[in-house]
>>> print(open('model_39.cif').read())   # mmCIF, C-alpha atoms
data_run
#
loop_
_atom_site.group_PDB
_atom_site.id
_atom_site.type_symbol
_atom_site.label_atom_id
_atom_site.label_comp_id
_atom_site.auth_asym_id
_atom_site.auth_seq_id
_atom_site.Cartn_x
_atom_site.Cartn_y
_atom_site.Cartn_z
ATOM 1 C CA MET A 1 58.305 42.051 62.528
ATOM 2 C CA GLN A 2 54.677 43.103 62.057
ATOM 3 C CA PHE A 3 53.618 39.557 62.919
ATOM 4 C CA VAL A 4 55.058 40.236 66.390
ATOM 5 C CA ALA A 5 54.036 43.882 66.778
ATOM 6 C CA ALA A 6 50.338 43.379 65.979
ATOM 7 C CA PRO A 7 49.515 40.773 68.648
ATOM 8 C CA PHE A 8 51.588 42.579 71.238
ATOM 9 C CA SER A 9 49.718 45.805 70.450
ATOM 10 C CA ILE A 10 46.569 43.939 71.436
ATOM 11 C CA LEU A 11 48.296 42.698 74.599
ATOM 12 C CA PHE A 12 49.391 46.248 75.453
ATOM 13 C CA GLY A 13 45.787 47.401 74.953
ATOM 14 C CA TRP A 14 44.527 44.724 77.328
ATOM 15 C CA LEU A 15 47.227 45.611 79.861
ATOM 16 C CA SER A 16 46.367 49.304 79.652
ATOM 17 C CA LYS A 17 42.768 48.485 80.589
ATOM 18 C CA LYS A 18 44.073 46.719 83.690
ATOM 19 C CA ILE A 19 46.731 49.180 84.868
ATOM 20 C CA GLY A 20 46.233 52.308 82.737
ATOM 21 C CA ASN A 21 47.887 53.808 79.664
ATOM 22 C CA LYS A 22 50.553 55.659 81.592
ATOM 23 C CA SER A 23 51.733 52.575 83.500
ATOM 24 C CA THR A 24 51.716 50.453 80.353
ATOM 25 C CA ILE A 25 53.741 53.057 78.452
ATOM 26 C CA LEU A 26 56.232 53.081 81.340
ATOM 27 C CA ILE A 27 56.543 49.299 80.957
ATOM 28 C CA GLY A 28 57.273 49.853 77.269
ATOM 29 C CA LEU A 29 59.995 52.356 78.175
ATOM 30 C CA GLY A 30 61.380 49.807 80.614
ATOM 31 C CA ILE A 31 61.488 47.211 77.837
ATOM 32 C CA TYR A 32 63.350 49.664 75.592
ATOM 33 C CA THR A 33 65.846 50.307 78.397
ATOM 34 C CA VAL A 34 66.464 46.586 78.865
ATOM 35 C CA VAL A 35 66.784 46.163 75.083
ATOM 36 C CA ALA A 36 69.419 48.899 74.939
ATOM 37 C CA ALA A 37 71.355 47.348 77.824
ATOM 38 C CA TYR A 38 71.114 43.893 76.237
ATOM 39 C CA GLY A 39 72.144 45.365 72.890
ATOM 40 C CA TYR A 40 75.571 46.089 74.352
ATOM 41 C CA PHE A 41 76.178 42.346 74.738
ATOM 42 C CA VAL A 42 74.721 41.104 71.440
ATOM 43 C CA SER A 43 77.327 39.179 69.495
ATOM 44 C CA GLY A 44 75.505 36.817 67.180
ATOM 45 C CA THR A 45 72.782 36.763 64.584
ATOM 46 C CA LEU A 46 70.308 34.891 66.786
ATOM 47 C CA GLU A 47 70.757 37.396 69.603
ATOM 48 C CA PHE A 48 70.169 40.227 67.142
ATOM 49 C CA TRP A 49 66.893 38.607 66.009
ATOM 50 C CA ILE A 50 65.827 38.165 69.633
ATOM 51 C CA LEU A 51 66.570 41.843 70.196
ATOM 52 C CA GLY A 52 64.442 42.772 67.175
ATOM 53 C CA PHE A 53 61.630 40.528 68.433
ATOM 54 C CA VAL A 54 61.599 42.259 71.826
ATOM 55 C CA VAL A 55 61.638 45.725 70.208
ATOM 56 C CA ALA A 56 58.672 44.698 68.035
ATOM 57 C CA MET A 57 56.862 43.518 71.171
ATOM 58 C CA ALA A 58 57.019 46.978 72.700
ATOM 59 C CA GLN A 59 56.958 49.246 69.638
ATOM 60 C CA GLY A 60 53.408 49.028 68.318
ATOM 61 C CA GLY A 61 51.662 48.971 71.675
ATOM 62 C CA SER A 62 53.760 51.768 73.134
ATOM 63 C CA GLN A 63 53.185 54.046 70.172
ATOM 64 C CA ALA A 64 49.435 53.406 70.046
ATOM 65 C CA LEU A 65 49.025 53.952 73.780
ATOM 66 C CA SER A 66 51.132 57.111 73.650
ATOM 67 C CA ARG A 67 48.884 58.598 70.973
ATOM 68 C CA SER A 68 45.792 57.527 72.888
ATOM 69 C CA LEU A 69 47.016 59.060 76.145
ATOM 70 C CA TYR A 70 47.989 62.259 74.370
ATOM 71 C CA ALA A 71 44.600 62.431 72.618
ATOM 72 C CA SER A 72 42.761 62.011 75.913
ATOM 73 C CA MET A 73 44.484 65.160 77.207
ATOM 74 C CA SER A 74 43.999 67.180 74.017
ATOM 75 C CA PRO A 75 40.978 69.447 73.613
ATOM 76 C CA LYS A 76 38.993 68.341 70.572
ATOM 77 C CA ALA A 77 38.705 71.949 69.393
ATOM 78 C CA LYS A 78 42.498 72.193 69.302
ATOM 79 C CA SER A 79 43.390 68.699 68.138
ATOM 80 C CA ALA A 80 45.143 69.978 65.006
ATOM 81 C CA GLU A 81 47.452 72.186 67.055
ATOM 82 C CA PHE A 82 48.106 69.480 69.640
ATOM 83 C CA PHE A 83 48.823 66.743 67.113
ATOM 84 C CA GLY A 84 50.894 69.125 65.013
ATOM 85 C CA PHE A 85 53.099 69.616 68.062
ATOM 86 C CA TYR A 86 53.080 65.848 68.665
ATOM 87 C CA ASP A 87 54.245 65.223 65.114
ATOM 88 C CA VAL A 88 57.000 67.835 65.264
ATOM 89 C CA SER A 89 58.240 66.521 68.614
ATOM 90 C CA SER A 90 58.343 62.978 67.232
ATOM 91 C CA LYS A 91 60.488 64.254 64.360
ATOM 92 C CA PHE A 92 62.928 65.696 66.898
ATOM 93 C CA ALA A 93 63.033 62.335 68.651
ATOM 94 C CA GLY A 94 63.857 60.783 65.286
ATOM 95 C CA ILE A 95 66.776 63.175 65.018
ATOM 96 C CA ILE A 96 68.044 63.175 68.606
ATOM 97 C CA GLY A 97 68.287 59.380 69.029
ATOM 98 C CA PRO A 98 70.276 58.690 65.860
ATOM 99 C CA THR A 99 72.444 61.767 66.480
ATOM 100 C CA VAL A 100 73.337 60.611 69.998
ATOM 101 C CA PHE A 101 73.959 57.107 68.663
ATOM 102 C CA GLY A 102 76.165 58.390 65.844
ATOM 103 C CA LEU A 103 78.163 60.831 67.931
ATOM 104 C CA VAL A 104 78.832 58.349 70.723
ATOM 105 C CA GLY A 105 79.586 55.551 68.279
ATOM 106 C CA ALA A 106 82.020 57.726 66.326
ATOM 107 C CA SER A 107 83.737 59.167 69.393
ATOM 108 C CA MET A 108 84.012 55.837 71.237
ATOM 109 C CA GLY A 109 84.704 53.753 68.160
ATOM 110 C CA SER A 110 81.966 51.251 68.971
ATOM 111 C CA SER A 111 78.235 51.013 68.484
ATOM 112 C CA ARG A 112 78.089 49.035 71.739
ATOM 113 C CA TYR A 113 78.652 52.238 73.697
ATOM 114 C CA ALA A 114 76.323 54.112 71.400
ATOM 115 C CA ILE A 115 73.396 51.855 72.239
ATOM 116 C CA LEU A 116 74.077 52.358 75.949
ATOM 117 C CA ALA A 117 73.978 56.106 75.351
ATOM 118 C CA LEU A 118 70.295 55.768 74.417
ATOM 119 C CA ILE A 119 69.325 54.544 77.876
ATOM 120 C CA PRO A 120 69.256 58.064 79.408
ATOM 121 C CA LEU A 121 66.761 59.115 76.719
ATOM 122 C CA PHE A 122 64.364 56.344 77.811
ATOM 123 C CA VAL A 123 64.922 57.174 81.480
ATOM 124 C CA ILE A 124 64.290 60.898 80.891
ATOM 125 C CA GLY A 125 61.132 60.041 78.950
ATOM 126 C CA GLY A 126 59.933 57.869 81.821
ATOM 127 C CA ILE A 127 60.632 60.576 84.392
ATOM 128 C CA LEU A 128 58.768 63.153 82.314
ATOM 129 C CA LEU A 129 55.836 60.782 81.863
ATOM 130 C CA MET A 130 55.687 60.035 85.589
ATOM 131 C CA ALA A 131 55.320 63.771 86.202
ATOM 132 C CA VAL A 132 52.192 63.945 84.016
ATOM 133 C CA ASP A 133 48.907 64.186 85.926
ATOM 134 C CA VAL A 134 46.645 62.375 83.466
ATOM 135 C CA LYS A 135 43.413 63.007 85.372
ATOM 136 C CA GLN A 136 44.095 66.733 85.464
ATOM 137 C CA GLY A 137 45.091 66.731 81.781
ATOM 138 C CA VAL A 138 41.841 65.018 80.793
ATOM 139 C CA ALA A 139 39.825 67.403 82.981
ATOM 140 C CA VAL A 140 41.507 70.460 81.466
ATOM 141 C CA ALA A 141 40.893 69.160 77.927
ATOM 142 C CA LYS A 142 37.210 68.539 78.687
ATOM 143 C CA ALA A 143 36.855 71.979 80.296
ATOM 144 C CA GLU A 144 38.399 73.549 77.193
ATOM 145 C CA ASP A 145 35.935 71.660 75.002
ATOM 146 C CA VAL A 146 33.028 72.929 77.098
ATOM 147 C CA ALA A 147 34.380 76.469 76.959
ATOM 148 C CA MET A 148 34.607 76.185 73.161
ATOM 149 C CA GLY A 149 31.027 74.979 72.949
ATOM 150 C CA LEU A 150 31.766 71.322 72.354
ATOM 151 C CA ARG A 151 29.520 70.037 75.107
ATOM 152 C CA GLN A 152 29.119 66.666 73.406
ATOM 153 C CA ALA A 153 32.840 66.042 74.083
ATOM 154 C CA VAL A 154 32.127 65.826 77.831
ATOM 155 C CA HIS A 155 30.830 62.426 78.823
#
>>> encode(input="model_39.cif", output="structure tokens")
Amino acid sequence: MQFVAAPFSILFGWLSKKIGNKSTILIGLGIYTVVAAYGYFVSGTLEFWILGFVVAMAQGGSQALSRSLYASMSPKAKSAEFFGFYDVSSKFAGIIGPTVFGLVGASMGSSRYAILALIPLFVIGGILLMAVDVKQGVAVAKAEDVAMGLRQAVH
């Protein structure tokens, strides 16, 4: 689905310039939520391909914008620490989602319920993101860079 993800990554980049990274990422989370809800009703091959197409639409752009937003709030002098944490947390996400899916699917006897069980994860992610003060995060990162002697990092 790279042929879908690549152009939509560009579209997400354009959209983020219009409404901001945070808002565009929230749209991506909304798309994932709708995909999970729609996934409950998928019954045929064509519907499954449509579902995959929509996931590909949101995946590349959402991931790129998430990294970009995170980088903008990370002090350059501590980028290794910040992105180490980012990487570890993404590994936990890669464990939590499939675990929830597997446990719910096994206990309910259907992957239809399991896909619905993922919706709270997207909603929680959206709520946490809405609580982030991006302007303050960027300001704190720039102040840290100045304090560490990286004056060129402040524009």
>>> atom_distance(input="model_39.cif", atom1="atom CA of A:Ala36", atom2="atom CA of A:Phe83")
28.4 Å
>>> closest_residue(input="model_39.cif", among="A:Val138, A:Leu11, A:Leu121, A:Ala80", to="A:Ile96", atoms="only C-alpha atoms")
A:Leu121
>>> atom_distance(input="model_39.cif", atom1="atom CA of A:Gly94", atom2="atom CA of A:Gly39")
19.1 Å
>>> axis_aligned_box(input="model_39.cif", around="stretch 38-57 of chain A", padding_each_side="5 Å", output="JSON")
{"center_x": 67.1, "center_y": 40.5, "center_z": 70.4, "size_x": 30.5, "size_y": 21.2, "size_z": 21.7}
>>> residues_around(input="model_39.cif", residues="A:Ile10", least_positions_apart="5", cutoff="9 Å", atoms="only C-alpha atoms", output="list in words")
Ala5, Leu15 and Gly61 of chain A
>>> residues_around(input="model_39.cif", residues="A:Pro75", least_positions_apart="6", cutoff="7 Å", atoms="all atoms listed in the file", output="NGL selection string")
:A and (141-142 or 144-145)
>>> residues_around(input="model_39.cif", residues="A:Ser62", least_positions_apart="4", cutoff="12 Å", atoms="all atoms listed in the file", output="ChimeraX atom specification")
/A:5-6,8-13,15-16,21-32,55-58,66-69
>>> residues_near_point(input="model_39.cif", point="(54.4, 62.2, 76.0)", cutoff="12 Å", atoms="only C-alpha atoms", output="PyMOL selection string")
chain A and resi 21-22+25-26+29+62-74+82-83+85-87+89-90+93+122+124-134+137
>>> atom_distance(input="model_39.cif", atom1="atom CA of A:Val123", atom2="atom CA of A:Phe3")
28.0 Å
>>> closest_residue(input="model_39.cif", among="A:Thr99, A:Gln2, A:Ser111, A:Ser79", to="A:Ser43", atoms="all atoms listed in the file")
A:Ser111
